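One file, coords.csv, carrying CSV, C-alpha atoms:
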chain,number,residue,atom,x,y,z
Y,1,MET,CA,21.6,0.9,13.8
Y,2,LYS,CA,18.1,1.1,15.2
Y,3,ALA,CA,15.3,-0.7,13.2
Y,4,VAL,CA,11.7,-1.8,13.7
Y,5,THR,CA,11.7,-5.6,13.9
Y,6,TRP,CA,9.0,-8.2,13.9
Y,7,GLN,CA,8.9,-10.5,16.9
Y,8,GLY,CA,5.5,-12.2,16.7
Y,9,ARG,CA,1.8,-11.4,16.2
Y,10,ARG,CA,1.2,-7.8,17.3
Y,11,ASP,CA,4.7,-7.6,18.6
Y,12,VAL,CA,7.1,-5.2,16.9
Y,13,ARG,CA,10.2,-3.8,18.7
Y,14,VAL,CA,12.9,-1.3,17.9
Y,15,GLU,CA,16.2,-3.1,18.2
Y,16,GLU,CA,19.9,-2.6,17.4
Y,17,VAL,CA,20.7,-4.5,14.2
Y,18,PRO,CA,23.8,-4.6,12.0
Y,19,ASP,CA,24.2,-1.7,9.6
Y,20,PRO,CA,23.5,-2.7,6.0
Y,21,ARG,CA,26.4,-2.9,3.6
Y,22,ILE,CA,27.0,-2.9,-0.2
Y,23,GLU,CA,26.5,-6.5,-1.4
Y,24,ALA,CA,26.3,-6.0,-5.1
Y,25,PRO,CA,27.7,-3.4,-7.5
Y,26,THR,CA,24.2,-2.1,-8.2
Y,27,ASP,CA,23.4,-1.5,-4.5
Y,28,ALA,CA,23.2,1.8,-2.7
Y,29,ILE,CA,23.0,2.6,1.0
Y,30,ILE,CA,20.7,5.5,2.1
Y,31,GLU,CA,20.4,7.1,5.5
Y,32,VAL,CA,16.7,7.1,6.0
Y,33,THR,CA,15.2,10.5,6.9
Y,34,THR,CA,11.5,9.6,6.7
Y,35,THR,CA,9.7,6.3,6.5
Y,36,GLY,CA,6.0,5.4,6.5
Y,37,LEU,CA,3.7,3.0,8.4
Y,38,CYS,CA,1.5,1.4,5.8
Y,39,GLY,CA,-1.8,-0.4,6.0
Y,40,SER,CA,-0.1,-3.3,4.4
Y,41,ASP,CA,2.2,-3.4,7.4
Y,42,LEU,CA,-0.8,-4.4,9.5
Y,43,HIS,CA,-1.1,-7.6,7.5
Y,44,ILE,CA,2.4,-8.4,8.9
Y,45,TYR,CA,1.4,-7.2,12.3
Y,46,GLU,CA,-1.7,-9.4,12.4
Y,47,THR,CA,-2.0,-12.2,9.8
Y,48,LEU,CA,1.1,-13.1,7.8
Y,49,GLY,CA,3.4,-14.3,10.7
Y,50,ALA,CA,3.9,-17.7,9.0
Y,51,PHE,CA,6.2,-16.0,6.5
Y,52,LEU,CA,8.2,-13.9,9.0
Y,53,HIS,CA,11.0,-14.6,11.4
Y,54,PRO,CA,11.8,-12.8,14.7
Y,55,GLY,CA,14.2,-10.0,13.9
Y,56,ASP,CA,12.9,-9.3,10.4
Y,57,VAL,CA,13.2,-5.5,9.7
Y,58,LEU,CA,9.9,-4.0,8.5
Y,59,GLY,CA,8.8,-1.1,6.4
Y,60,HIS,CA,8.6,-0.4,2.6
Y,61,GLU,CA,8.0,3.4,2.4
Y,62,ALA,CA,11.3,5.2,2.7
Y,63,MET,CA,13.3,8.2,1.6
Y,64,GLY,CA,16.6,9.5,2.6
Y,65,VAL,CA,20.1,10.6,1.6
Y,66,VAL,CA,22.6,8.4,-0.3
Y,67,VAL,CA,25.6,7.6,1.8
Y,68,GLU,CA,27.3,4.9,-0.3
Y,69,THR,CA,26.9,3.5,-3.8
Y,70,GLY,CA,28.2,0.4,-5.6
Y,71,SER,CA,30.5,0.6,-8.6
Y,72,ASP,CA,27.6,0.1,-11.1
Y,73,VAL,CA,25.3,3.0,-9.9
Y,74,PRO,CA,26.4,5.8,-12.2
Y,75,ASP,CA,23.4,8.1,-11.7
Y,76,LEU,CA,23.5,8.5,-7.9
Y,77,ALA,CA,26.1,10.3,-5.8
Y,78,VAL,CA,26.7,10.5,-2.1
Y,79,GLY,CA,24.5,13.3,-0.8
Y,80,ASP,CA,21.6,12.8,-3.3
Y,81,ARG,CA,18.2,12.9,-1.8
Y,82,VAL,CA,16.0,10.0,-3.0
Y,83,VAL,CA,12.7,8.3,-2.6
Y,84,VAL,CA,12.8,4.4,-2.7
Y,85,PRO,CA,9.9,2.6,-4.5
Y,86,PHE,CA,8.5,-0.2,-2.3
Y,87,GLN,CA,9.2,-2.9,-4.9
Y,88,ILE,CA,12.7,-3.8,-6.2
Y,89,SER,CA,13.0,-4.0,-9.9
Y,90,CYS,CA,15.7,-4.0,-12.5
Y,91,GLY,CA,14.3,-1.7,-15.1
Y,92,SER,CA,15.4,-3.7,-18.1
Y,93,CYS,CA,13.6,-7.1,-18.2
Y,94,PHE,CA,10.5,-8.0,-20.2
Y,95,MET,CA,8.1,-7.0,-17.4
Y,96,CYS,CA,9.9,-3.7,-16.5
Y,97,ASP,CA,9.9,-2.7,-20.2
Y,98,ARG,CA,6.1,-3.0,-20.1
Y,99,GLY,CA,5.7,-0.9,-17.0
Y,100,LEU,CA,5.0,-3.9,-14.8
Y,101,GLN,CA,7.8,-3.4,-12.3
Y,102,THR,CA,6.0,-5.4,-9.6
Y,103,GLN,CA,6.4,-8.4,-11.9
Y,104,CYS,CA,10.1,-7.8,-12.5
Y,105,GLU,CA,11.6,-11.1,-13.9
Y,106,THR,CA,15.0,-10.3,-12.3
Y,107,THR,CA,13.6,-10.1,-8.7
Y,108,GLN,CA,10.6,-12.4,-8.9
Y,109,VAL,CA,10.4,-14.6,-5.8
Y,110,ARG,CA,10.0,-17.8,-7.7
Y,111,GLU,CA,10.3,-20.0,-4.6
Y,112,HIS,CA,6.9,-18.9,-3.6
Y,113,GLY,CA,5.5,-18.1,-7.1
Y,114,MET,CA,5.3,-14.4,-6.3
Y,115,GLY,CA,6.2,-11.2,-8.1
Y,116,ALA,CA,9.0,-8.8,-7.5
Y,117,GLN,CA,10.8,-8.5,-4.2
Y,118,LEU,CA,9.4,-5.9,-1.8
Y,119,PHE,CA,11.2,-4.2,1.1
Y,120,GLY,CA,10.3,-5.5,4.5
Y,121,TYR,CA,7.6,-7.8,3.5
Y,122,THR,CA,7.9,-11.5,4.4
Y,123,ASP,CA,9.4,-14.6,2.8
Y,124,LEU,CA,6.8,-14.3,0.1
Y,125,TYR,CA,8.5,-11.2,-1.3
Y,126,GLY,CA,12.1,-12.0,-0.7
Y,127,SER,CA,12.7,-11.3,3.0
Y,128,VAL,CA,14.5,-8.0,2.1
Y,129,PRO,CA,15.2,-5.9,5.2
Y,130,GLY,CA,12.9,-2.9,5.2
Y,131,GLY,CA,13.0,0.8,5.6
Y,132,GLN,CA,11.7,1.4,9.1
Y,133,ALA,CA,15.3,1.8,10.1
Y,134,GLN,CA,18.2,4.3,10.3
Y,135,PHE,CA,19.8,2.9,7.1
Y,136,LEU,CA,18.6,0.9,4.1
Y,137,ARG,CA,20.4,-1.1,1.5
Y,138,VAL,CA,18.7,-0.5,-1.9
Y,139,PRO,CA,19.3,-3.3,-4.4
Y,140,HIS,CA,19.1,-2.3,-8.1
Y,141,ALA,CA,19.8,1.3,-7.2
Y,142,ASP,CA,21.0,1.8,-10.8
Y,143,TYR,CA,17.2,2.0,-11.6
Y,144,GLY,CA,14.9,2.2,-8.6
Y,145,PRO,CA,15.5,5.3,-6.5
Y,146,ILE,CA,13.8,8.5,-7.5
Y,147,ARG,CA,16.0,11.6,-7.1
Y,148,VAL,CA,14.4,14.5,-5.4
Y,149,GLU,CA,15.7,17.9,-6.6
Y,150,SER,CA,13.9,20.2,-4.3
Y,151,ASP,CA,14.3,21.7,-0.8
Y,152,ALA,CA,10.7,21.0,0.1
Y,153,SER,CA,10.0,18.8,3.2
Y,154,ASP,CA,10.2,15.0,3.1
Y,155,ASP,CA,6.4,14.9,3.5
Y,156,ARG,CA,6.1,16.2,0.0
Y,157,PHE,CA,7.9,13.2,-1.5
Y,158,VAL,CA,7.9,10.2,0.8
Y,159,PHE,CA,4.4,9.2,-0.3
Y,160,LEU,CA,5.8,8.7,-3.8
Y,161,SER,CA,7.3,5.4,-2.5
Y,162,ASP,CA,3.9,3.8,-2.2
Y,163,VAL,CA,0.7,5.8,-1.3
Y,164,VAL,CA,0.4,8.1,-4.2
Y,165,PRO,CA,1.4,5.6,-7.0
Y,166,THR,CA,-0.9,2.9,-5.4
Y,167,ALA,CA,-3.8,5.3,-5.3
Y,168,TRP,CA,-3.1,6.6,-8.8
Y,169,GLN,CA,-2.8,3.1,-10.3
Y,170,GLY,CA,-6.1,2.2,-8.5
Y,171,LEU,CA,-7.7,5.3,-10.2
Y,172,GLN,CA,-6.2,4.5,-13.6
Y,173,TYR,CA,-7.3,0.9,-13.4
Y,174,SER,CA,-10.9,2.0,-12.4
Y,175,GLY,CA,-11.2,3.9,-15.7
Y,176,ALA,CA,-13.1,6.7,-13.9
Y,177,GLN,CA,-13.3,9.9,-16.0
Y,178,ALA,CA,-14.4,13.4,-15.4
Y,179,GLY,CA,-18.2,13.4,-14.6
Y,180,ASP,CA,-18.2,9.7,-13.6
Y,181,THR,CA,-19.1,8.5,-10.1
Y,182,LEU,CA,-16.4,6.6,-8.3
Y,183,LEU,CA,-17.1,4.7,-5.1
Y,184,VAL,CA,-14.1,4.3,-2.8
Y,185,LEU,CA,-14.3,1.6,-0.2
Y,186,GLY,CA,-12.0,2.4,2.7
Y,187,LEU,CA,-10.8,6.0,3.4
Y,188,GLY,CA,-7.5,5.1,4.9
Y,189,PRO,CA,-4.3,6.5,3.3
Y,190,ILE,CA,-4.8,4.8,-0.1
Y,191,GLY,CA,-8.5,5.4,-0.3
Y,192,GLU,CA,-8.2,9.0,0.7
Y,193,MET,CA,-5.4,9.6,-1.7
Y,194,ALA,CA,-7.3,8.0,-4.5
Y,195,ALA,CA,-10.2,10.3,-3.7
Y,196,ARG,CA,-7.9,13.3,-3.8
Y,197,LEU,CA,-6.5,12.3,-7.2
Y,198,ALA,CA,-10.0,11.6,-8.5
Y,199,LEU,CA,-11.4,14.9,-7.4
Y,200,LEU,CA,-8.5,16.7,-9.2
Y,201,GLN,CA,-9.6,14.9,-12.3
Y,202,GLY,CA,-13.2,16.1,-12.0
Y,203,VAL,CA,-14.6,12.7,-10.8
Y,204,ARG,CA,-17.5,12.6,-8.4
Y,205,VAL,CA,-16.4,10.5,-5.4
Y,206,ILE,CA,-18.5,8.6,-2.9
Y,207,GLY,CA,-16.5,7.2,0.0
Y,208,VAL,CA,-17.3,4.5,2.6
Y,209,ASP,CA,-15.7,3.9,5.9
Y,210,ARG,CA,-16.6,3.2,9.5
Y,211,VAL,CA,-14.0,5.4,11.3
Y,212,PRO,CA,-15.4,8.9,12.1
Y,213,ALA,CA,-12.0,10.7,11.7
Y,214,ARG,CA,-11.6,9.3,8.2
Y,215,LEU,CA,-15.2,10.1,7.2
Y,216,HIS,CA,-14.7,13.7,8.5
Y,217,ARG,CA,-11.4,14.3,6.8
Y,218,SER,CA,-12.5,12.9,3.4
Y,219,GLY,CA,-15.8,14.8,3.7
Y,220,ALA,CA,-13.9,18.0,4.1
Y,221,LEU,CA,-12.2,17.3,0.8
Y,222,GLY,CA,-15.5,17.1,-1.1
Y,223,VAL,CA,-16.1,13.4,-0.9
Y,224,GLU,CA,-19.7,12.3,-0.4
Y,225,THR,CA,-19.3,10.0,2.6
Y,226,ILE,CA,-21.3,7.0,3.8
Y,227,ASP,CA,-20.8,5.5,7.2
Y,228,LEU,CA,-20.5,1.7,7.0
Y,229,ALA,CA,-22.4,1.5,10.2
Y,230,SER,CA,-25.5,3.0,8.6
Y,231,GLY,CA,-26.2,-0.3,6.9
Y,232,ASP,CA,-27.3,-1.2,3.3
Y,233,VAL,CA,-24.4,0.8,1.8
Y,234,ALA,CA,-25.2,-0.5,-1.7
Y,235,GLY,CA,-28.7,0.8,-1.3
Y,236,HIS,CA,-27.3,4.3,-0.4
Y,237,VAL,CA,-25.1,4.2,-3.5
Y,238,LEU,CA,-28.0,3.2,-5.7
Y,239,ASP,CA,-30.1,6.0,-4.3
Y,240,ARG,CA,-27.3,8.5,-5.2
Y,241,THR,CA,-26.8,7.1,-8.7
Y,242,ALA,CA,-30.4,7.0,-10.1
Y,243,GLY,CA,-30.6,3.3,-9.2
Y,244,ARG,CA,-27.7,2.4,-11.5
Y,245,GLY,CA,-24.7,2.1,-9.2
Y,246,ALA,CA,-21.2,3.6,-9.3
Y,247,ASP,CA,-19.4,3.7,-12.7
Y,248,ALA,CA,-16.3,2.3,-10.9
Y,249,VAL,CA,-15.3,1.1,-7.5
Y,250,ILE,CA,-11.9,1.2,-5.8
Y,251,ASP,CA,-11.6,-1.4,-3.1
Y,252,ALA,CA,-8.9,0.1,-0.8
Y,253,VAL,CA,-9.7,-2.3,2.0
Y,254,GLY,CA,-8.6,-5.8,1.0
Y,255,MET,CA,-8.2,-8.8,3.2
Y,256,GLU,CA,-8.8,-7.0,6.5
Y,257,ALA,CA,-12.4,-6.1,5.8
Y,258,HIS,CA,-14.9,-6.0,8.6
Y,259,GLY,CA,-18.1,-8.0,8.5
Y,260,SER,CA,-16.5,-11.5,7.7
Y,261,PRO,CA,-16.4,-13.3,11.0
Y,262,VAL,CA,-15.8,-16.8,9.6
Y,263,ALA,CA,-12.8,-15.6,7.5
Y,264,GLU,CA,-11.5,-13.5,10.4
Y,265,LEU,CA,-11.5,-16.6,12.7
Y,266,ALA,CA,-9.7,-18.6,10.0
Y,267,GLN,CA,-7.0,-15.9,9.7
Y,268,ARG,CA,-6.6,-15.9,13.5
Y,269,VAL,CA,-6.3,-19.6,13.6
Y,270,ALA,CA,-3.7,-19.7,10.8
Y,271,GLY,CA,-1.8,-17.0,12.7
Y,272,VAL,CA,-1.1,-19.2,15.7
Y,273,LEU,CA,-0.2,-22.4,13.9
Y,274,PRO,CA,3.4,-23.5,13.6
Y,275,ASP,CA,5.0,-22.0,10.5
Y,276,ALA,CA,5.5,-25.5,8.8
Y,277,VAL,CA,1.7,-26.0,9.1
Y,278,ALA,CA,0.6,-22.4,8.6
Y,279,GLN,CA,2.5,-21.7,5.4
Y,280,PRO,CA,0.8,-24.4,3.2
Y,281,VAL,CA,-2.5,-23.4,4.8
Y,282,MET,CA,-2.0,-19.8,3.9
Y,283,LYS,CA,-0.8,-20.6,0.4
Y,284,ASN,CA,-3.5,-23.2,-0.5
Y,285,LEU,CA,-6.5,-22.8,1.8
Y,286,SER,CA,-6.5,-19.3,3.1
Y,287,VAL,CA,-9.7,-17.2,2.9
Y,288,ASP,CA,-9.9,-13.5,3.0
Y,289,ARG,CA,-12.5,-11.3,4.6
Y,290,LEU,CA,-14.3,-10.4,1.4
Y,291,ALA,CA,-16.9,-8.0,2.7
Y,292,ALA,CA,-15.4,-5.0,0.8
Y,293,LEU,CA,-15.1,-6.9,-2.5
Y,294,LEU,CA,-18.6,-8.3,-2.2
Y,295,LEU,CA,-19.9,-4.8,-1.6
Y,296,ALA,CA,-18.0,-3.5,-4.7
Y,297,VAL,CA,-19.7,-6.2,-6.8
Y,298,GLU,CA,-23.1,-5.2,-5.5
Y,299,ALA,CA,-22.7,-1.4,-5.7
Y,300,VAL,CA,-21.0,-1.0,-9.1
Y,301,ARG,CA,-23.2,-0.5,-12.2
Y,302,ARG,CA,-23.6,-3.1,-14.9
Y,303,GLY,CA,-20.7,-2.8,-17.3
Y,304,GLY,CA,-18.6,-1.1,-14.6
Y,305,THR,CA,-15.1,-1.6,-13.3
Y,306,ILE,CA,-13.8,-2.7,-9.9
Y,307,SER,CA,-10.2,-1.8,-9.1
Y,308,LEU,CA,-8.5,-3.6,-6.3
Y,309,SER,CA,-5.9,-1.7,-4.4
Y,310,GLY,CA,-6.4,-3.4,-1.1
Y,311,VAL,CA,-4.2,-6.4,-0.6
Y,312,TYR,CA,-5.7,-9.9,-0.9
Y,313,ALA,CA,-3.9,-13.1,-0.1
Y,314,GLY,CA,-6.6,-15.8,-0.1
Y,315,ALA,CA,-6.1,-18.9,-2.2
Y,316,ALA,CA,-9.6,-20.2,-1.7
Y,317,ASP,CA,-11.7,-17.1,-1.8
Y,318,PRO,CA,-15.4,-17.8,-2.9
Y,319,LEU,CA,-16.2,-15.2,-5.5
Y,320,PRO,CA,-19.7,-14.4,-6.8
Y,321,LEU,CA,-18.7,-15.2,-10.4
Y,322,GLN,CA,-22.3,-15.6,-11.6
Y,323,THR,CA,-23.0,-12.0,-10.6
Y,324,ILE,CA,-19.6,-10.7,-11.9
Y,325,PHE,CA,-20.3,-12.4,-15.2
Y,326,ASP,CA,-24.0,-11.3,-15.4
Y,327,LYS,CA,-23.2,-7.7,-14.6
Y,328,GLN,CA,-20.4,-7.8,-17.3
Y,329,LEU,CA,-17.9,-6.3,-14.9
Y,330,THR,CA,-14.2,-5.6,-15.4
Y,331,LEU,CA,-11.8,-6.4,-12.5
Y,332,ARG,CA,-8.3,-4.9,-12.4
Y,333,MET,CA,-5.8,-5.3,-9.6
Y,334,GLY,CA,-2.2,-5.6,-8.4
Y,335,GLN,CA,0.6,-4.0,-6.5
Y,336,ALA,CA,1.4,-0.5,-7.9
Y,337,ASN,CA,4.1,-0.3,-10.5
Y,338,VAL,CA,5.7,2.8,-8.9
Y,339,LYS,CA,8.3,3.8,-11.6
Y,340,ARG,CA,5.6,3.5,-14.3
Y,341,TRP,CA,3.6,6.3,-12.7
Y,342,ILE,CA,6.4,8.7,-11.4
Y,343,PRO,CA,6.3,10.9,-14.6
Y,344,ASP,CA,2.7,11.6,-13.9
Y,345,LEU,CA,3.0,12.1,-10.2
Y,346,LEU,CA,6.4,13.8,-9.5
Y,347,PRO,CA,5.2,17.1,-11.0
Y,348,LEU,CA,2.3,17.1,-8.5
Y,349,ALA,CA,4.7,16.7,-5.7
Y,350,LEU,CA,7.0,19.4,-7.0
Y,351,ASP,CA,4.2,21.9,-7.5
Y,352,ASP,CA,4.5,24.7,-5.0
Y,353,ALA,CA,0.7,24.8,-4.7
Y,354,ASP,CA,0.8,21.2,-3.3
Y,355,PRO,CA,-2.5,20.2,-5.1
Y,356,LEU,CA,-2.6,16.8,-3.3
Y,357,GLY,CA,-2.1,18.3,0.1
Y,358,LEU,CA,1.0,16.1,0.7
Y,359,GLU,CA,2.5,18.5,3.3
Y,360,THR,CA,-0.4,17.9,5.6
Y,361,PHE,CA,-1.3,14.3,4.6
Y,362,ALA,CA,0.4,12.6,7.6
Y,363,THR,CA,-1.7,12.8,10.8
Y,364,HIS,CA,1.2,11.6,13.0
Y,365,ARG,CA,4.9,12.1,12.9
Y,366,VAL,CA,6.6,9.7,15.4
Y,367,PRO,CA,10.2,9.0,16.4
Y,368,LEU,CA,11.3,5.6,15.2
Y,369,THR,CA,11.8,4.6,18.9
Y,370,ASP,CA,8.1,4.9,19.4
Y,371,ALA,CA,7.2,2.5,16.6
Y,372,ALA,CA,5.6,-0.3,18.8
Y,373,ALA,CA,3.1,2.1,20.2
Y,374,ALA,CA,2.4,3.6,16.8
Y,375,TYR,CA,1.7,0.2,15.3
Y,376,ALA,CA,-0.8,-0.5,18.1
Y,377,THR,CA,-2.5,2.9,17.7
Y,378,PHE,CA,-2.7,2.5,13.9
Y,379,GLN,CA,-4.1,-1.0,14.1
Y,380,ALA,CA,-6.7,0.1,16.5
Y,381,LYS,CA,-7.6,3.2,14.4
Y,382,GLU,CA,-7.3,5.4,17.5
Y,383,ASP,CA,-6.3,9.0,18.0
Y,384,GLY,CA,-7.3,10.0,14.5
Y,385,ALA,CA,-4.5,8.0,13.0
Y,386,ILE,CA,-4.9,8.0,9.3
Y,387,LYS,CA,-1.3,8.1,8.1
Y,388,MET,CA,1.8,7.8,10.3
Y,389,VAL,CA,5.4,8.5,9.4
Y,390,PHE,CA,8.6,7.8,11.4
Y,391,THR,CA,11.6,10.0,11.7
Y,392,PRO,CA,14.7,7.8,12.4

Please rewrite the model in this file as structure tokens.
Amino acid sequence: MKAVTWQGRRDVRVEEVPDPRIEAPTDAIIEVTTTGLCGSDLHIYETLGAFLHPGDVLGHEAMGVVVETGSDVPDLAVGDRVVVPFQISCGSCFMCDRGLQTQCETTQVREHGMGAQLFGYTDLYGSVPGGQAQFLRVPHADYGPIRVESDASDDRFVFLSDVVPTAWQGLQYSGAQAGDTLLVLGLGPIGEMAARLALLQGVRVIGVDRVPARLHRSGALGVETIDLASGDVAGHVLDRTAGRGADAVIDAVGMEAHGSPVAELAQRVAGVLPDAVAQPVMKNLSVDRLAALLLAVEAVRRGGTISLSGVYAGAADPLPLQTIFDKQLTLRMGQANVKRWIPDLLPLALDDADPLGLETFATHRVPLTDAAAAYATFQAKEDGAIKMVFTP
């Protein structure tokens, strides 16, 4: 089959790789019909090479049609249309029972002290082949896949694999309620979707980004936008909130924030070190670009909440704990627990009115064979690329 493979920093290629096969009774094989390119994939493209190997298959946002099941997958049949959550979880352990599927005790990657396995996402998360491919092996298919009983297009449902649950969890963790002011840092796919969900809940949304296409698209939705290049973003937020600050902030940027040149240099240096050297550096000494998080601390009101949806990986990040303590802030964070939120979100995807605008959310639909160019365009934020999907 054809699949997107990692070959080195900023080097992904579509290659022929072996078709996946059933390896456990709870596996299923799906023929992928649509698969997404995620902002988190850019961490692989740019900074996390120490935990990758040439030929690793990428991607963690996939949906498709079941073509084979193991003997212990009673609720799926060949021909079923399914969305695959980006994390792999068993559904029956202590953590899954508490709606913390990203901490699944059955699939935790204990070798690296990490949570549940993820599709297509480095040694840190289990080195499980990903979904940017023609076929995908789905472990724990007796629990994970979400059956789609609709004839609507894939675009209506593929974002349930990651984007919509991640944005929804970010909003839930922020605690923002109708009438509150929510500041969203980063208007890429997650930030924009969080804004869409918040607006549906009657929340006032202020959004910050530096990419004109993102600012324009979110502004058209009703988001009050601030261009990062305008300077003193926190001051602008204070001016719009009676000097108090936003009730809650969603940081949808994470480790790739702009405005942190020292941390950027450290990430680049780690990216070219031999793996045997780079892995312990990344695990124990890595520093993220914290501009977005520092802005969140500055712009949130006292007693407010900061919700981190953007991925951070630094082990030595210097945080302004004095300010966080003095402002009496609440911080919530983590990978989205997809299955926990599906009962809330599937009805929105099935709604004929398409209240989240899922049908038109993707800005680019690209053949899988053009993945290398798509990664480069998405990383450079060119051609109005906000959300890309591949069609294998």

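We find CA of Pro18 in chain Y and CA of Ala133 in chain Y to be spaced 10.8 Å apart.
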
**Q.** One-decimal distance in Å that lies between CA of Ser127 in chain Y and CA of Arg13 in chain Y
**A.**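 Computed distance, CA of Arg13 in chain Y to CA of Ser127 in chain Y, equals 17.6 Å.
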
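Between CA of Leu171 in chain Y and CA of Arg214 in chain Y the separation is 19.2 Å.
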
**Q.** For range 56-70 of chain Y: contacts at 6 Å, all atoms listed in the file, fewer than 4 positions along chain excluded, given as an MDAnalysis selection string
**A.** chainID Y and resid 4:6 25:36 78:84 86 119:120 129:132 158 161

Q) Counting all atoms listed in the file, which of Y:Gly115, Y:Gly49, Y:Gly99, Y:Pro189 gets nearest to Gln87 in chain Y? A)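 Selected residue with least distance to Gln87 in chain Y: Y:Gly115.
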
Q. So which one's closest to Ser174 in chain Y, Y:Cys96, Y:Ala198, Y:Met1, Y:Arg21? Using all atoms listed in the file, please.
A. Y:Ala198

Q: Can you pull out every residue within 6 Å of Tyr45 in chain Y, counting all atoms listed in the file, but drop anything in the same chain fewer than 2 positions away, and send it as a list in words?
A: Arg9, Arg10, Leu42 and His43 of chain Y

(Q) Need to verify the contact set: Ser40 in chain Y, 12 Å, all atoms listed in the file, exclusion of same-chain residues closer than 6 positions in sequence. Can you return it as JSON, numbers by chain? (A) {"Y": [46, 47, 48, 58, 59, 60, 61, 86, 118, 119, 120, 121, 122, 162, 163, 166, 188, 189, 190, 252, 253, 254, 255, 256, 309, 310, 311, 312, 313, 335, 375, 378, 379]}
